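query.cif follows (mmCIF, C-alpha atoms):
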```
data_work
#
loop_
_atom_site.group_PDB
_atom_site.id
_atom_site.type_symbol
_atom_site.label_atom_id
_atom_site.label_comp_id
_atom_site.auth_asym_id
_atom_site.auth_seq_id
_atom_site.Cartn_x
_atom_site.Cartn_y
_atom_site.Cartn_z
ATOM 1 C CA MET A 1 -11.945 -27.520 -1.742
ATOM 2 C CA VAL A 2 -14.536 -27.775 1.035
ATOM 3 C CA GLN A 3 -14.350 -30.280 3.858
ATOM 4 C CA ASP A 4 -16.831 -30.485 6.742
ATOM 5 C CA GLY A 5 -18.392 -27.168 5.680
ATOM 6 C CA GLU A 6 -15.058 -25.305 5.775
ATOM 7 C CA PHE A 7 -12.622 -24.332 3.052
ATOM 8 C CA THR A 8 -9.534 -26.542 3.039
ATOM 9 C CA THR A 9 -6.073 -25.209 3.737
ATOM 10 C CA THR A 10 -5.187 -25.932 0.105
ATOM 11 C CA ALA A 11 -8.061 -23.752 -1.117
ATOM 12 C CA ARG A 12 -7.076 -20.917 1.189
ATOM 13 C CA VAL A 13 -3.374 -21.065 0.223
ATOM 14 C CA LEU A 14 -4.137 -21.221 -3.520
ATOM 15 C CA ASN A 15 -6.453 -18.221 -3.259
ATOM 16 C CA LEU A 16 -3.940 -16.297 -1.165
ATOM 17 C CA LEU A 17 -1.172 -16.928 -3.711
ATOM 18 C CA SER A 18 -3.374 -16.038 -6.661
ATOM 19 C CA GLY A 19 -4.447 -12.856 -4.864
ATOM 20 C CA VAL A 20 -0.839 -11.795 -4.398
ATOM 21 C CA PHE A 21 -0.023 -12.525 -8.049
ATOM 22 C CA PHE A 22 -3.113 -10.664 -9.298
ATOM 23 C CA ILE A 23 -2.275 -7.607 -7.203
ATOM 24 C CA ALA A 24 1.321 -7.711 -8.479
ATOM 25 C CA ALA A 25 -0.062 -7.887 -12.028
ATOM 26 C CA ALA A 26 -2.322 -4.902 -11.257
ATOM 27 C CA GLY A 27 0.759 -2.914 -10.267
ATOM 28 C CA ARG A 28 2.564 -3.940 -13.430
ATOM 29 C CA PHE A 29 -0.379 -2.929 -15.625
ATOM 30 C CA LEU A 30 -0.615 0.375 -13.780
ATOM 31 C CA LEU A 31 3.060 1.058 -14.586
ATOM 32 C CA ASP A 32 2.334 0.254 -18.239
ATOM 33 C CA PHE A 33 -0.597 2.679 -18.141
ATOM 34 C CA HIS A 34 1.571 5.499 -16.799
ATOM 35 C CA ARG A 35 4.135 4.881 -19.552
ATOM 36 C CA SER A 36 1.713 4.657 -22.457
ATOM 37 C CA ILE A 37 -1.427 6.529 -21.320
ATOM 38 C CA LYS A 38 -3.542 3.947 -23.176
ATOM 39 C CA LEU A 39 -6.795 2.732 -21.678
ATOM 40 C CA GLU A 40 -6.141 -1.015 -21.951
ATOM 41 C CA PRO A 41 -3.417 -1.309 -19.275
ATOM 42 C CA TYR A 42 -5.603 0.673 -16.874
ATOM 43 C CA LEU A 43 -8.555 -1.650 -17.452
ATOM 44 C CA PHE A 44 -6.304 -4.694 -17.032
ATOM 45 C CA SER A 45 -5.019 -3.182 -13.795
ATOM 46 C CA CYS A 46 -8.560 -2.718 -12.485
ATOM 47 C CA MET A 47 -9.504 -6.274 -13.431
ATOM 48 C CA ALA A 48 -6.388 -7.750 -11.834
ATOM 49 C CA LEU A 49 -6.948 -5.698 -8.689
ATOM 50 C CA LEU A 50 -10.554 -6.908 -8.369
ATOM 51 C CA PHE A 51 -9.523 -10.536 -8.889
ATOM 52 C CA GLY A 52 -6.663 -10.114 -6.419
ATOM 53 C CA LEU A 53 -8.866 -8.562 -3.745
ATOM 54 C CA ALA A 54 -11.457 -11.292 -4.239
ATOM 55 C CA SER A 55 -8.802 -13.972 -3.842
ATOM 56 C CA LEU A 56 -7.407 -12.378 -0.691
ATOM 57 C CA MET A 57 -10.899 -11.979 0.746
ATOM 58 C CA PHE A 58 -11.604 -15.661 0.115
ATOM 59 C CA THR A 59 -9.046 -16.675 2.727
ATOM 60 C CA TYR A 60 -11.067 -14.850 5.406
ATOM 61 C CA SER A 61 -14.494 -16.093 4.400
ATOM 62 C CA ALA A 62 -16.582 -19.036 5.479
ATOM 63 C CA LEU A 63 -19.316 -20.641 3.431
ATOM 64 C CA TRP A 64 -22.409 -18.429 3.198
ATOM 65 C CA ASP A 65 -21.142 -15.628 5.470
ATOM 66 C CA ASP A 66 -21.062 -11.942 4.468
ATOM 67 C CA ALA A 67 -17.428 -12.052 3.356
ATOM 68 C CA TRP A 68 -18.198 -15.045 1.140
ATOM 69 C CA TRP A 69 -21.006 -13.142 -0.578
ATOM 70 C CA PHE A 70 -18.848 -10.035 -0.927
ATOM 71 C CA TRP A 71 -16.143 -12.244 -2.482
ATOM 72 C CA HIS A 72 -18.677 -13.296 -5.137
ATOM 73 C CA VAL A 73 -19.763 -9.693 -5.759
ATOM 74 C CA VAL A 74 -16.150 -8.558 -6.266
ATOM 75 C CA ARG A 75 -15.435 -11.457 -8.629
ATOM 76 C CA LEU A 76 -18.657 -10.751 -10.550
ATOM 77 C CA SER A 77 -17.613 -7.105 -10.881
ATOM 78 C CA ALA A 78 -14.268 -8.207 -12.302
ATOM 79 C CA TYR A 79 -15.967 -10.555 -14.783
ATOM 80 C CA LEU A 80 -18.356 -7.808 -15.885
ATOM 81 C CA LEU A 81 -15.415 -5.472 -16.397
ATOM 82 C CA VAL A 82 -13.693 -8.153 -18.482
ATOM 83 C CA MET A 83 -16.823 -8.685 -20.575
ATOM 84 C CA GLY A 84 -17.246 -4.943 -21.093
ATOM 85 C CA PHE A 85 -13.650 -4.697 -22.238
ATOM 86 C CA VAL A 86 -14.087 -7.620 -24.653
ATOM 87 C CA VAL A 87 -17.270 -6.124 -26.113
ATOM 88 C CA GLN A 88 -15.624 -2.698 -26.459
ATOM 89 C CA ALA A 89 -12.602 -4.211 -28.214
ATOM 90 C CA TYR A 90 -14.880 -6.193 -30.539
ATOM 91 C CA LEU A 91 -16.936 -3.135 -31.462
ATOM 92 C CA ARG A 92 -13.811 -1.050 -32.065
ATOM 93 C CA THR A 93 -12.276 -3.764 -34.256
ATOM 94 C CA ALA A 94 -15.498 -4.332 -36.201
ATOM 95 C CA SER A 95 -15.820 -0.600 -36.835
ATOM 96 C CA SER A 96 -12.217 -0.369 -38.060
ATOM 97 C CA LEU A 97 -12.710 -3.343 -40.370
ATOM 98 C CA ARG A 98 -15.906 -1.870 -41.820
ATOM 99 C CA ALA A 99 -14.141 1.432 -42.494
ATOM 100 C CA GLU A 100 -11.193 -0.333 -44.124
ATOM 101 C CA ILE A 101 -13.486 -2.439 -46.315
ATOM 102 C CA ALA A 102 -15.396 0.671 -47.388
ATOM 103 C CA GLU A 103 -12.126 2.443 -48.268
ATOM 104 C CA ARG A 104 -10.932 -0.517 -50.332
ATOM 105 C CA LYS A 105 -14.232 -0.773 -52.197
ATOM 106 C CA LEU A 106 -14.106 2.934 -52.960
ATOM 107 C CA ALA A 107 -10.519 2.611 -54.199
ATOM 108 C CA GLU A 108 -11.502 -0.359 -56.388
ATOM 109 C CA GLU A 109 -14.430 1.579 -57.830
ATOM 110 C CA ARG A 110 -12.208 4.545 -58.613
ATOM 111 C CA THR A 111 -9.677 2.259 -60.270
ATOM 112 C CA ALA A 112 -12.437 0.556 -62.305
ATOM 113 C CA HIS A 113 -13.790 3.918 -63.520
ATOM 114 C CA LEU A 114 -10.331 5.082 -64.622
ATOM 115 C CA THR A 115 -9.748 2.091 -66.856
#
```
Mind turning this structure into structure tokens?
Amino acid sequence: MVQDGEFTTTARVLNLLSGVFFIAAAGRFLLDFHRSIKLEPYLFSCMALLFGLASLMFTYSALWDDAWWFWHVVRLSAYLLVMGFVVQAYLRTASSLRAEIAERKLAEERTAHLT
């Protein structure tokens, strides 16, 4: 992807295409958010937008210049947002499972006491 200290045309084209697709996905997720008013499509839209902007910025960067570093910061922000979303979803699911298990145990105990 790098030749003679410069990004290859292939690398630039692939990043440009992925940037366009990520930004299109961000728009799609934003439409889903407006229809459902759930938080997940909004977060997906933000993530896709960050990845898309990073990919578009890549085409204008050179190794080690300011734009190259900013590209890494934007991508890192997107990854941190993804990780935060994954952790939040895990905690929400774990909490729901604990509550369901507690309800079932209570129901079993009530059933055992009635017999």
>> Report as a PyMOL selection string all protein, DNA and RNA residues lying within 10 Å of Ser61 of chain A, evaluated on all atoms listed in the file, omitting residues in the same chain fewer than 5 positions from it.
In response: chain A and resi 6-7+12+56+66-71
>> Translate the PyMOL selection byres ((chain A and resi 85-90) around 12) into a concrete residue list for this structure, as a VMD selection string.
In response: chain A and resid 39 to 44 46 to 47 78 to 84 91 to 97
> For Leu53 of chain A, which residue out of A:Met1, A:Asn15, A:Arg28, A:Ser36 is the nearest one, using only C-alpha atoms?
Replying inline: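 Once distances to Leu53 of chain A are computed over only C-alpha atoms, the minimum belongs to A:Asn15.
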> Out of A:Ser55, A:Thr111, A:Ser77, A:Ala99, which residue has the shortest atom-to-atom distance to Leu14 of chain A when counting all atoms listed in the file?
Replying inline: A:Ser55
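You will find atom CA of Leu17 of chain A at 21.4 Å from atom CA of Leu31 of chain A.
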> Quick one, how far is atom CA of Gly19 of chain A from atom CA of His34 of chain A?
Replying inline: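 Those two atoms sit 22.7 Å apart.
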> Which neighbours of Leu50 of chain A fall inside 9 Å, counting only C-alpha atoms, when residues of the same chain fewer than 6 positions from it are skipped, and could you give them as number ranges by chain?
Replying inline: A: 22-23, 26, 74-75, 77-78
> How many Å separate atom CA of Thr59 of chain A from atom CA of Leu30 of chain A?
Replying inline: 25.2 Å
